[in-house]
$ cat query-v8.csv   # CSV, C-alpha atoms and all ligand atoms
chain,number,residue,atom,x,y,z
R,29,MET,CA,7.5,17.6,1.2
R,30,TYR,CA,6.0,15.1,-1.2
R,31,MET,CA,7.3,11.7,-2.0
R,32,ILE,CA,5.1,11.5,-5.0
R,33,THR,CA,3.7,14.4,-7.0
R,34,ILE,CA,1.3,13.7,-9.9
R,35,LYS,CA,0.1,16.7,-12.0
R,36,ASN,CA,-2.2,16.6,-15.0
R,37,LEU,CA,-1.9,12.8,-15.5
R,38,SER,CA,-3.7,11.5,-18.5
R,39,PHE,CA,-3.5,8.0,-19.7
R,40,ASN,CA,-5.4,5.7,-22.2
R,41,TYR,CA,-5.4,2.1,-23.1
R,42,ARG,CA,-5.9,2.4,-26.9
R,43,GLN,CA,-9.4,4.0,-27.0
R,44,LYS,CA,-10.2,3.6,-23.3
R,45,GLU,CA,-9.5,6.7,-21.2
R,46,ILE,CA,-8.4,5.9,-17.7
R,47,PHE,CA,-7.1,9.2,-16.4
R,48,ASN,CA,-7.8,12.7,-17.6
R,49,ASN,CA,-5.8,15.4,-15.8
R,50,LEU,CA,-5.4,13.6,-12.5
R,51,ASP,CA,-3.7,15.4,-9.6
R,52,LEU,CA,-2.5,13.6,-6.6
R,53,THR,CA,0.2,13.9,-3.9
R,54,VAL,CA,1.7,11.5,-1.5
R,55,PRO,CA,3.3,13.3,1.5
R,56,ASP,CA,6.7,12.2,2.8
R,57,GLY,CA,6.6,10.0,5.9
R,58,LYS,CA,2.9,9.4,5.9
R,59,ILE,CA,0.5,6.6,5.0
R,60,THR,CA,-1.7,7.6,2.1
R,61,SER,CA,-4.5,5.4,1.0
R,62,ILE,CA,-6.2,5.3,-2.4
R,63,ILE,CA,-9.5,3.4,-2.3
R,64,GLY,CA,-11.6,2.7,-5.3
R,65,PRO,CA,-13.9,0.0,-6.7
R,66,ASN,CA,-12.7,-2.6,-9.1
R,67,GLY,CA,-11.8,-1.0,-12.5
R,68,SER,CA,-11.3,2.5,-11.1
R,69,GLY,CA,-7.7,2.6,-12.3
R,70,LYS,CA,-5.7,1.7,-9.2
R,71,SER,CA,-3.4,-0.9,-10.7
R,72,THR,CA,-3.0,1.2,-13.8
R,73,LEU,CA,-1.7,4.0,-11.6
R,74,VAL,CA,0.7,1.6,-9.9
R,75,LYS,CA,2.0,0.4,-13.3
R,76,ILE,CA,2.6,4.0,-14.4
R,77,LEU,CA,4.4,4.8,-11.1
R,78,VAL,CA,6.8,1.9,-11.6
R,79,GLY,CA,7.6,3.1,-15.1
R,80,LEU,CA,5.8,0.4,-17.1
R,81,TYR,CA,3.6,2.8,-19.1
R,82,LYS,CA,4.1,6.0,-21.0
R,83,TYR,CA,1.8,8.8,-19.8
R,84,ASN,CA,1.0,12.4,-20.4
R,85,GLY,CA,1.5,14.9,-17.5
R,86,GLU,CA,4.1,15.3,-14.8
R,87,ILE,CA,5.1,12.8,-12.2
R,88,LYS,CA,7.9,13.2,-9.7
R,89,ILE,CA,9.0,10.6,-7.3
R,90,ASN,CA,11.3,11.9,-4.5
R,91,GLU,CA,11.7,15.0,-6.7
R,92,ILE,CA,13.0,12.9,-9.6
R,93,PRO,CA,10.9,13.3,-12.8
R,94,LEU,CA,9.5,9.9,-13.8
R,95,LEU,CA,11.1,9.6,-17.2
R,96,LYS,CA,12.6,6.7,-19.0
R,97,ASP,CA,16.2,7.8,-18.3
R,98,ASN,CA,15.5,7.9,-14.5
R,99,ARG,CA,13.6,4.6,-14.3
R,100,LYS,CA,16.5,2.7,-12.7
R,101,GLU,CA,17.1,5.4,-10.1
R,102,ILE,CA,13.4,5.5,-9.3
R,103,ARG,CA,13.1,1.8,-8.9
R,104,LYS,CA,15.7,1.9,-6.1
R,105,ILE,CA,13.4,4.3,-4.2
R,106,ILE,CA,10.2,2.2,-4.6
R,107,GLY,CA,9.1,-1.2,-3.2
R,108,VAL,CA,5.9,-2.7,-4.5
R,109,VAL,CA,3.7,-5.5,-3.3
R,110,PHE,CA,0.8,-6.8,-5.5
R,111,THR,CA,-2.3,-8.8,-4.6
R,112,ASN,CA,-1.1,-12.1,-5.8
R,113,PRO,CA,2.5,-12.8,-4.5
R,114,GLU,CA,2.6,-16.0,-6.7
R,115,ASN,CA,3.1,-13.8,-9.8
R,116,GLN,CA,6.1,-12.1,-8.3
R,117,PHE,CA,8.1,-15.2,-7.3
R,118,VAL,CA,11.1,-15.8,-9.5
R,119,ALA,CA,13.3,-18.3,-7.6
R,120,GLU,CA,13.2,-21.8,-6.0
R,121,THR,CA,13.9,-20.6,-2.5
R,122,VAL,CA,12.7,-17.6,-0.5
R,123,MET,CA,16.4,-16.6,0.0
R,124,ASP,CA,17.0,-16.4,-3.8
R,125,ASP,CA,13.7,-14.7,-4.4
R,126,ILE,CA,14.5,-11.9,-2.0
R,127,ALA,CA,18.1,-11.7,-3.3
R,128,PHE,CA,16.8,-11.2,-6.9
R,129,THR,CA,16.0,-7.5,-6.4
R,130,LEU,CA,19.4,-6.8,-4.8
R,131,GLU,CA,21.3,-8.7,-7.5
R,132,ASN,CA,19.6,-6.6,-10.1
R,133,MET,CA,20.8,-3.5,-8.3
R,134,ASN,CA,24.3,-4.9,-8.2
R,135,PHE,CA,24.7,-5.1,-4.5
R,136,LYS,CA,27.7,-7.2,-3.3
R,137,LYS,CA,27.2,-10.8,-2.1
R,138,ASP,CA,28.0,-10.1,1.6
R,139,ILE,CA,25.7,-7.1,1.7
R,140,ILE,CA,23.0,-9.1,0.1
R,141,ARG,CA,23.3,-11.8,2.7
R,142,LYS,CA,23.3,-9.2,5.5
R,143,LYS,CA,20.2,-7.3,4.2
R,144,ILE,CA,18.3,-10.6,3.7
R,145,GLU,CA,19.1,-11.7,7.2
R,146,GLU,CA,18.0,-8.4,8.6
R,147,ILE,CA,14.7,-8.1,6.8
R,148,SER,CA,13.7,-11.8,7.2
R,149,LYS,CA,14.3,-11.7,10.9
R,150,TYR,CA,12.3,-8.5,11.2
R,151,LEU,CA,9.3,-10.0,9.3
R,152,GLY,CA,9.6,-13.4,11.0
R,153,ILE,CA,10.5,-15.4,7.9
R,154,TYR,CA,14.1,-16.2,8.7
R,155,ASP,CA,13.3,-19.9,9.4
R,156,ILE,CA,11.8,-20.4,5.9
R,157,LEU,CA,14.5,-18.9,3.8
R,158,GLU,CA,15.4,-22.3,2.3
R,159,CYS,CA,11.7,-23.1,1.5
R,160,ASN,CA,10.2,-22.9,-2.0
R,161,PRO,CA,8.0,-19.8,-1.9
R,162,HIS,CA,5.2,-21.6,-3.7
R,163,ASP,CA,4.9,-24.1,-0.8
R,164,LEU,CA,4.2,-21.4,1.8
R,165,ASN,CA,0.8,-20.4,3.2
R,166,SER,CA,-0.8,-17.2,2.0
R,167,ASN,CA,0.4,-15.1,4.9
R,168,GLN,CA,4.0,-16.3,4.5
R,169,LYS,CA,3.9,-15.7,0.8
R,170,GLN,CA,2.8,-12.1,1.3
R,171,LEU,CA,5.5,-11.6,3.9
R,172,VAL,CA,8.1,-12.9,1.4
R,173,SER,CA,6.8,-10.3,-1.2
R,174,LEU,CA,7.0,-7.7,1.5
R,175,ALA,CA,10.6,-8.7,2.3
R,176,SER,CA,11.5,-8.5,-1.5
R,177,ALA,CA,9.8,-5.0,-1.6
R,178,LEU,CA,11.7,-3.7,1.4
R,179,VAL,CA,15.1,-5.4,1.3
R,180,HIS,CA,16.7,-2.6,-0.7
R,181,ASP,CA,15.5,0.0,1.8
R,182,PRO,CA,13.1,1.9,-0.4
R,183,LYS,CA,11.8,5.3,0.6
R,184,ILE,CA,8.3,4.4,-0.4
R,185,LEU,CA,6.3,1.2,-0.3
R,186,ILE,CA,3.4,0.8,-2.7
R,187,LEU,CA,0.8,-1.8,-1.9
R,188,ASP,CA,-1.6,-2.7,-4.7
R,189,GLU,CA,-4.4,-4.6,-2.9
R,190,ALA,CA,-1.6,-6.5,-1.1
R,191,LEU,CA,-3.8,-7.4,1.9
R,192,THR,CA,-6.8,-8.8,-0.1
R,193,MET,CA,-5.8,-12.4,0.1
R,194,LEU,CA,-5.1,-12.5,3.8
R,195,ASP,CA,-7.4,-13.7,6.6
R,196,PRO,CA,-8.3,-11.0,9.1
R,197,TYR,CA,-5.8,-12.2,11.7
R,198,ASP,CA,-2.8,-12.1,9.3
R,199,LYS,CA,-4.0,-8.9,7.9
R,200,GLU,CA,-4.0,-7.3,11.3
R,201,LYS,CA,-0.5,-8.5,11.9
R,202,ILE,CA,0.7,-7.0,8.6
R,203,LEU,CA,-1.1,-3.7,9.2
R,204,LYS,CA,0.8,-3.5,12.5
R,205,ILE,CA,4.1,-4.0,10.7
R,206,LEU,CA,3.2,-1.4,8.2
R,207,LYS,CA,2.4,1.1,10.9
R,208,GLU,CA,5.7,0.4,12.6
R,209,LEU,CA,7.7,0.7,9.4
R,210,ASN,CA,6.0,4.0,8.8
R,211,SER,CA,6.9,5.2,12.3
R,212,LYS,CA,10.5,4.5,11.3
R,213,GLY,CA,10.2,6.9,8.3
R,214,LEU,CA,8.9,4.7,5.4
R,215,THR,CA,6.3,6.5,3.2
R,216,ILE,CA,3.4,4.2,2.3
R,217,LEU,CA,1.0,4.3,-0.6
R,218,ASN,CA,-1.7,1.9,0.4
R,219,ILE,CA,-4.0,1.1,-2.6
R,220,THR,CA,-7.0,-1.0,-1.8
R,221,ASN,CA,-10.7,-1.8,-2.5
R,222,ASP,CA,-11.4,-2.6,1.2
R,223,ILE,CA,-12.2,0.4,3.3
R,224,GLU,CA,-11.1,-1.5,6.5
R,225,ASP,CA,-7.5,-1.3,5.2
R,226,THR,CA,-7.6,2.5,5.1
R,227,LEU,CA,-7.8,2.8,8.9
R,228,ILE,CA,-4.1,3.0,9.2
R,229,SER,CA,-3.7,5.9,6.8
R,230,ASP,CA,-3.2,9.6,7.5
R,231,GLU,CA,-5.0,10.7,4.3
R,232,ILE,CA,-7.4,9.0,1.9
R,233,TYR,CA,-8.1,9.5,-1.8
R,234,VAL,CA,-11.3,8.0,-3.1
R,235,LEU,CA,-11.0,7.1,-6.8
R,236,SER,CA,-13.9,6.4,-9.1
R,237,GLU,CA,-13.5,5.8,-12.8
R,238,GLY,CA,-10.1,7.5,-12.8
R,239,LYS,CA,-11.2,10.6,-10.9
R,240,ILE,CA,-10.6,11.6,-7.3
R,241,VAL,CA,-14.1,12.0,-5.9
R,242,LEU,CA,-13.1,12.5,-2.2
R,243,ASN,CA,-9.9,13.4,-0.5
R,244,GLY,CA,-8.9,14.4,3.0
R,245,ALA,CA,-7.8,13.1,6.4
R,246,ASN,CA,-9.4,9.9,7.4
R,247,GLU,CA,-12.0,11.5,9.7
R,248,GLU,CA,-13.1,13.8,7.0
R,249,VAL,CA,-13.5,11.1,4.4
R,250,TYR,CA,-15.4,8.9,6.9
R,251,LYS,CA,-17.9,11.7,7.4
R,252,GLU,CA,-19.0,11.5,3.8
R,253,GLU,CA,-21.0,8.4,4.4
R,254,ASP,CA,-23.5,9.0,1.6
R,255,LYS,CA,-20.8,9.5,-1.1
R,256,LEU,CA,-19.0,6.4,0.1
R,257,HIS,CA,-22.3,4.4,0.0
R,258,LYS,CA,-22.9,5.5,-3.6
R,259,LEU,CA,-19.5,4.0,-4.5
R,260,GLY,CA,-20.4,0.8,-2.7
R,261,PHE,CA,-18.4,1.4,0.5
R,262,GLU,CA,-19.7,1.0,4.0
R,263,LEU,CA,-17.9,2.8,6.8
R,264,PRO,CA,-15.1,0.8,8.5
R,265,PHE,CA,-16.5,-1.3,11.3
R,266,MET,CA,-14.6,0.7,14.0
R,267,VAL,CA,-16.0,4.0,12.6
R,268,GLU,CA,-19.5,2.7,12.5
R,269,LEU,CA,-19.2,1.3,16.0
R,270,SER,CA,-17.7,4.6,17.3
R,271,ASN,CA,-20.5,6.6,15.7
R,272,ARG,CA,-23.1,4.6,17.4
R,273,LEU,CA,-21.4,4.7,20.8
R,274,MET,CA,-21.0,8.5,20.4
R,275,PHE,CA,-24.7,8.7,19.8
R,276,TYR,CA,-25.3,7.2,23.2
R,277,ASP,CA,-22.6,9.4,24.7
R,278,LEU,CA,-20.5,6.4,25.6
R,279,ILE,CA,-17.4,7.8,23.9
R,280,ASP,CA,-16.6,11.3,22.6
R,281,HIS,CA,-14.4,10.6,19.5
R,282,VAL,CA,-13.9,8.0,16.8
R,283,ILE,CA,-11.7,5.2,18.0
R,284,TYR,CA,-9.9,3.1,15.4
R,285,ASP,CA,-8.2,0.6,17.6
R,286,MET,CA,-10.2,-2.2,19.1
R,287,GLU,CA,-8.0,-2.6,22.2
R,288,GLU,CA,-8.3,1.1,22.9
R,289,MET,CA,-12.0,0.9,22.5
R,290,VAL,CA,-12.3,-2.0,25.0
R,291,ASP,CA,-10.1,-0.1,27.5
R,292,ILE,CA,-12.3,2.9,27.3
R,293,LEU,CA,-15.6,1.0,27.5
R,294,TRP,CA,-14.4,-0.9,30.6
R,295,LYS,CA,-13.5,2.2,32.6
R,301,LIG,P1,-8.3,-1.4,-10.6
R,301,LIG,O1,-6.9,-1.8,-10.3
R,301,LIG,O2,-8.8,-0.2,-9.9
R,301,LIG,O3,-9.3,-2.6,-10.5
R,301,LIG,P2,-7.3,-1.2,-13.3
R,301,LIG,O4,-6.3,-0.1,-13.3
R,301,LIG,O5,-6.8,-2.6,-13.3
R,301,LIG,O6,-8.4,-1.0,-12.1
R,301,LIG,O7,-8.2,-1.1,-14.6
R,301,LIG,C1,-8.9,0.2,-15.0
R,301,LIG,C2,-9.6,-0.1,-16.2
R,301,LIG,O8,-8.7,-0.3,-17.3
R,301,LIG,C3,-10.6,-1.3,-16.2
R,301,LIG,O9,-11.7,-0.9,-16.9
R,301,LIG,C4,-9.8,-2.3,-16.9
R,301,LIG,O10,-10.6,-3.2,-17.6
R,301,LIG,C5,-9.0,-1.5,-17.9
R,301,LIG,N1,-7.7,-2.2,-18.2
R,301,LIG,C6,-6.8,-2.6,-17.3
R,301,LIG,N2,-5.7,-3.1,-17.9
R,301,LIG,C7,-5.9,-3.0,-19.2
R,301,LIG,C8,-5.1,-3.3,-20.4
R,301,LIG,N3,-3.9,-3.8,-20.3
R,301,LIG,N4,-5.6,-3.0,-21.6
R,301,LIG,C9,-6.9,-2.5,-21.7
R,301,LIG,N5,-7.6,-2.1,-20.7
R,301,LIG,C10,-7.2,-2.4,-19.4
R,302,MG,MG,-6.2,-3.5,-9.3

$ encode --input "query-v8.csv" --output "structure tokens"
Amino acid sequence: MYMITIKNLSFNYRQKEIFNNLDLTVPDGKITSIIGPNGSGKSTLVKILVGLYKYNGEIKINEIPLLKDNRKEIRKIIGVVFTNPENQFVAETVMDDIAFTLENMNFKKDIIRKKIEEISKYLGIYDILECNPHDLNSNQKQLVSLASALVHDPKILILDEALTMLDPYDKEKILKILKELNSKGLTILNITNDIEDTLISDEIYVLSEGKIVLNGANEEVYKEEDKLHKLGFELPFMVELSNRLMFYDLIDHVIYDMEEMVDILWK
């Protein structure tokens, strides 16, 4: 089953065509990545998916047609995190900020409290609920955005270059959390311009100027080194490293996880 089905999507900003008959699906329970250079249409797609723009074509989210009348229902199913969390903060405290989504969805006060406690403990931000979100460091800010996106238990989490501002260590931590959430059933659409962020996905779409130029399971997409190069992407570090070690017969398959790699090489 598909959490998102996009068929024949066409969209223009005034004279500028962004999509012309785009087809794309996001399977249920998987992590799907869309990678594309700046200006390829990634954020436009996200804005269409959250119901901000009118479009031509057919989009269904969790089988519900993405139409004006269904927008409220669809927003309950989706959580979104953008690149710059600052733009998403609406309140003076982290607590109120996370509560905002739930209040808009008319959850009761005690349920709101319970849900915020749960998600903030899970993401390790329970101790900063009384802080002003603008005073936090970039990792904490992104965790607050993630909490706001997840607090209403969406079926799908959409990330629009949400990891870009993080340092490698914090990024690694958040990628682990995403993997874990996915293993509990959350569908993730991970949109990025950094190929390293695609390692956690099951399937990758490569977008260029509004068109899908490559699509497949990770391994398949990483085999298309030339096509990726033409779009300005190197292979992810672990894939590059694996390819070289395979050349010397030191390993026999691509290894995405550094700890696993170290284990195997030490044996
Ligand atoms: P990405 O997120 O992949 O960087 P965007 O979806 O933001 O790409 O932008 C795709 C193209 O549409 C770019 O050429 C951008 O300049 C243009 N664009 C984005 N937003 C608008 C807008 N509101 N009005 C006109 N053109 C826009
Ligand atoms: Mg963008």

$ closest_residue --input "query-v8.csv" --among "R:Ser173, R:Gly260, R:Glu224, R:Tyr30" --to "Asn115 (chain R)" --atoms "only C-alpha atoms"
R:Ser173

$ residues_near_ligand --input "query-v8.csv" --ligand "ligand MG 302 (chain R)" --cutoff "10 Å" --atoms "all atoms listed in the file" --output "list in words"
Gly64, Pro65, Asn66, Gly67, Ser68, Gly69, Lys70, Ser71, Thr72, Leu73, Val74, Lys75, Phe110, Thr111, Asp188, Glu189, Ala190, Ile219, Thr220 and Asn221 of chain R

$ residues_around --input "query-v8.csv" --residues "region 145-151 of chain R" --least-positions-apart "2" --cutoff "9 Å" --atoms "all atoms listed in the file" --output "ChimeraX atom specification"
/R:140-143,153-157,171-172,174-176,178-179,205

$ closest_residue --input "query-v8.csv" --among "R:Leu50, R:Leu37, R:Val118, R:Ile32" --to "Lys88 (chain R)" --atoms "all atoms listed in the file"
R:Ile32

$ atom_distance --input "query-v8.csv" --atom1 "CA of Gly152 (chain R)" --atom2 "CA of Asn167 (chain R)"
11.2 Å

$ atom_distance --input "query-v8.csv" --atom1 "CA of Ile283 (chain R)" --atom2 "CA of Leu235 (chain R)"
24.9 Å

$ closest_residue --input "query-v8.csv" --among "R:Asp280, R:Lys258, R:Lys183, R:Glu158" --to "Glu101 (chain R)" --atoms "only C-alpha atoms"
R:Lys183

$ residues_around --input "query-v8.csv" --residues "Met29 (chain R)" --least-positions-apart "5" --cutoff "12 Å" --atoms "only C-alpha atoms" --output "PyMOL selection string"
chain R and resi 53-58+88-91+215

$ closest_residue --input "query-v8.csv" --among "R:Ile46, R:Val108, R:Leu256, R:Val241" --to "Asp181 (chain R)" --atoms "all atoms listed in the file"
R:Val108

$ closest_residue --input "query-v8.csv" --among "R:Lys251, R:Lys35, R:Lys169, R:Lys199" --to "Val109 (chain R)" --atoms "all atoms listed in the file"
R:Lys169

$ closest_residue --input "query-v8.csv" --among "R:His257, R:Lys239, R:Arg99, R:Arg272" --to "ligand LIG 301 (chain R)" --atoms "all atoms listed in the file"
R:Lys239

$ atom_distance --input "query-v8.csv" --atom1 "CA of Ile63 (chain R)" --atom2 "CA of Val234 (chain R)"
5.0 Å

$ residues_around --input "query-v8.csv" --residues "Tyr83 (chain R)" --least-positions-apart "3" --cutoff "8 Å" --atoms "all atoms listed in the file" --output "list of chain:residue names"
R:Leu37, R:Ser38, R:Phe39, R:Ile76

$ write_last_selection --input "query-v8.csv" --atoms "C-alpha atoms" --output "compact mmCIF listing (two decimals), in the frame of the given file"
# COMPACT_ATOMS: atom_id res chain seq x y z
CA LEU R 37 -1.90 12.80 -15.50
CA SER R 38 -3.70 11.50 -18.50
CA PHE R 39 -3.50 8.00 -19.70
CA ILE R 76 2.60 4.00 -14.40

$ axis_aligned_box --input "query-v8.csv" --around "ligand LIG 301 (chain R)" --padding-each-side "4 Å" --output "lines of an AutoDock Vina configuration file"
center_x = -7.8
center_y = -1.8
center_z = -15.8
size_x = 15.8
size_y = 12.0
size_z = 19.8

$ residues_around --input "query-v8.csv" --residues "His162 (chain R)" --least-positions-apart "4" --cutoff "10 Å" --atoms "only C-alpha atoms" --output "list in words"
Pro113, Glu114, Phe117, Ala119, Glu120, Thr121, Val122, Ser166, Gln168 and Lys169 of chain R

$ build_atoms --input "query-v8.csv" --residues "region 112-127 of chain R" --atoms "N, CA, C and O atoms" --output "PDB file, keeping the file's coordinate frame"
ATOM      1  N   ASN R 112      -1.363 -10.690  -5.687  1.00  0.00           N
ATOM      2  CA  ASN R 112      -1.100 -12.100  -5.800  1.00  0.00           C
ATOM      3  C   ASN R 112       0.446 -12.333  -5.787  1.00  0.00           C
ATOM      4  O   ASN R 112       1.086 -12.203  -6.816  1.00  0.00           O
ATOM      5  N   PRO R 113       1.004 -12.713  -4.616  1.00  0.00           N
ATOM      6  CA  PRO R 113       2.500 -12.800  -4.500  1.00  0.00           C
ATOM      7  C   PRO R 113       3.011 -13.891  -5.496  1.00  0.00           C
ATOM      8  O   PRO R 113       4.127 -13.759  -5.968  1.00  0.00           O
ATOM      9  N   GLU R 114       2.197 -14.917  -5.799  1.00  0.00           N
ATOM     10  CA  GLU R 114       2.600 -16.000  -6.700  1.00  0.00           C
ATOM     11  C   GLU R 114       3.261 -15.428  -7.979  1.00  0.00           C
ATOM     12  O   GLU R 114       4.260 -15.922  -8.488  1.00  0.00           O
ATOM     13  N   ASN R 115       2.614 -14.371  -8.509  1.00  0.00           N
ATOM     14  CA  ASN R 115       3.100 -13.800  -9.800  1.00  0.00           C
ATOM     15  C   ASN R 115       4.419 -13.124  -9.673  1.00  0.00           C
ATOM     16  O   ASN R 115       5.025 -12.780 -10.675  1.00  0.00           O
ATOM     17  N   GLN R 116       4.849 -12.873  -8.435  1.00  0.00           N
ATOM     18  CA  GLN R 116       6.100 -12.100  -8.300  1.00  0.00           C
ATOM     19  C   GLN R 116       7.280 -13.041  -7.966  1.00  0.00           C
ATOM     20  O   GLN R 116       8.423 -12.612  -8.045  1.00  0.00           O
ATOM     21  N   PHE R 117       7.014 -14.320  -7.606  1.00  0.00           N
ATOM     22  CA  PHE R 117       8.100 -15.200  -7.300  1.00  0.00           C
ATOM     23  C   PHE R 117       8.930 -15.577  -8.485  1.00  0.00           C
ATOM     24  O   PHE R 117       8.377 -15.935  -9.525  1.00  0.00           O
ATOM     25  N   VAL R 118      10.254 -15.505  -8.355  1.00  0.00           N
ATOM     26  CA  VAL R 118      11.100 -15.800  -9.500  1.00  0.00           C
ATOM     27  C   VAL R 118      12.111 -16.902  -9.233  1.00  0.00           C
ATOM     28  O   VAL R 118      12.786 -17.357 -10.141  1.00  0.00           O
ATOM     29  N   ALA R 119      12.218 -17.334  -7.956  1.00  0.00           N
ATOM     30  CA  ALA R 119      13.300 -18.300  -7.600  1.00  0.00           C
ATOM     31  C   ALA R 119      12.718 -19.507  -6.882  1.00  0.00           C
ATOM     32  O   ALA R 119      11.560 -19.545  -6.493  1.00  0.00           O
ATOM     33  N   GLU R 120      13.593 -20.500  -6.675  1.00  0.00           N
ATOM     34  CA  GLU R 120      13.200 -21.800  -6.000  1.00  0.00           C
ATOM     35  C   GLU R 120      13.204 -21.693  -4.524  1.00  0.00           C
ATOM     36  O   GLU R 120      12.594 -22.518  -3.865  1.00  0.00           O
ATOM     37  N   THR R 121      13.934 -20.717  -3.983  1.00  0.00           N
ATOM     38  CA  THR R 121      13.900 -20.600  -2.500  1.00  0.00           C
ATOM     39  C   THR R 121      13.587 -19.112  -2.178  1.00  0.00           C
ATOM     40  O   THR R 121      13.794 -18.199  -2.978  1.00  0.00           O
ATOM     41  N   VAL R 122      13.078 -18.967  -0.970  1.00  0.00           N
ATOM     42  CA  VAL R 122      12.700 -17.600  -0.500  1.00  0.00           C
ATOM     43  C   VAL R 122      13.957 -16.740  -0.494  1.00  0.00           C
ATOM     44  O   VAL R 122      13.915 -15.590  -0.936  1.00  0.00           O
ATOM     45  N   MET R 123      15.081 -17.325  -0.046  1.00  0.00           N
ATOM     46  CA  MET R 123      16.400 -16.600   0.000  1.00  0.00           C
ATOM     47  C   MET R 123      16.683 -15.997  -1.397  1.00  0.00           C
ATOM     48  O   MET R 123      16.946 -14.806  -1.539  1.00  0.00           O
ATOM     49  N   ASP R 124      16.678 -16.864  -2.416  1.00  0.00           N
ATOM     50  CA  ASP R 124      17.000 -16.400  -3.800  1.00  0.00           C
ATOM     51  C   ASP R 124      16.031 -15.416  -4.308  1.00  0.00           C
ATOM     52  O   ASP R 124      16.362 -14.508  -5.061  1.00  0.00           O
ATOM     53  N   ASP R 125      14.788 -15.629  -3.899  1.00  0.00           N
ATOM     54  CA  ASP R 125      13.700 -14.700  -4.400  1.00  0.00           C
ATOM     55  C   ASP R 125      13.966 -13.312  -3.847  1.00  0.00           C
ATOM     56  O   ASP R 125      13.886 -12.335  -4.594  1.00  0.00           O
ATOM     57  N   ILE R 126      14.270 -13.226  -2.568  1.00  0.00           N
ATOM     58  CA  ILE R 126      14.500 -11.900  -2.000  1.00  0.00           C
ATOM     59  C   ILE R 126      15.789 -11.295  -2.538  1.00  0.00           C
ATOM     60  O   ILE R 126      15.896 -10.087  -2.750  1.00  0.00           O
ATOM     61  N   ALA R 127      16.769 -12.193  -2.813  1.00  0.00           N
ATOM     62  CA  ALA R 127      18.100 -11.700  -3.300  1.00  0.00           C
ATOM     63  C   ALA R 127      17.946 -11.108  -4.718  1.00  0.00           C
ATOM     64  O   ALA R 127      18.734 -10.238  -5.103  1.00  0.00           O
TER      65      ALA R 127
END
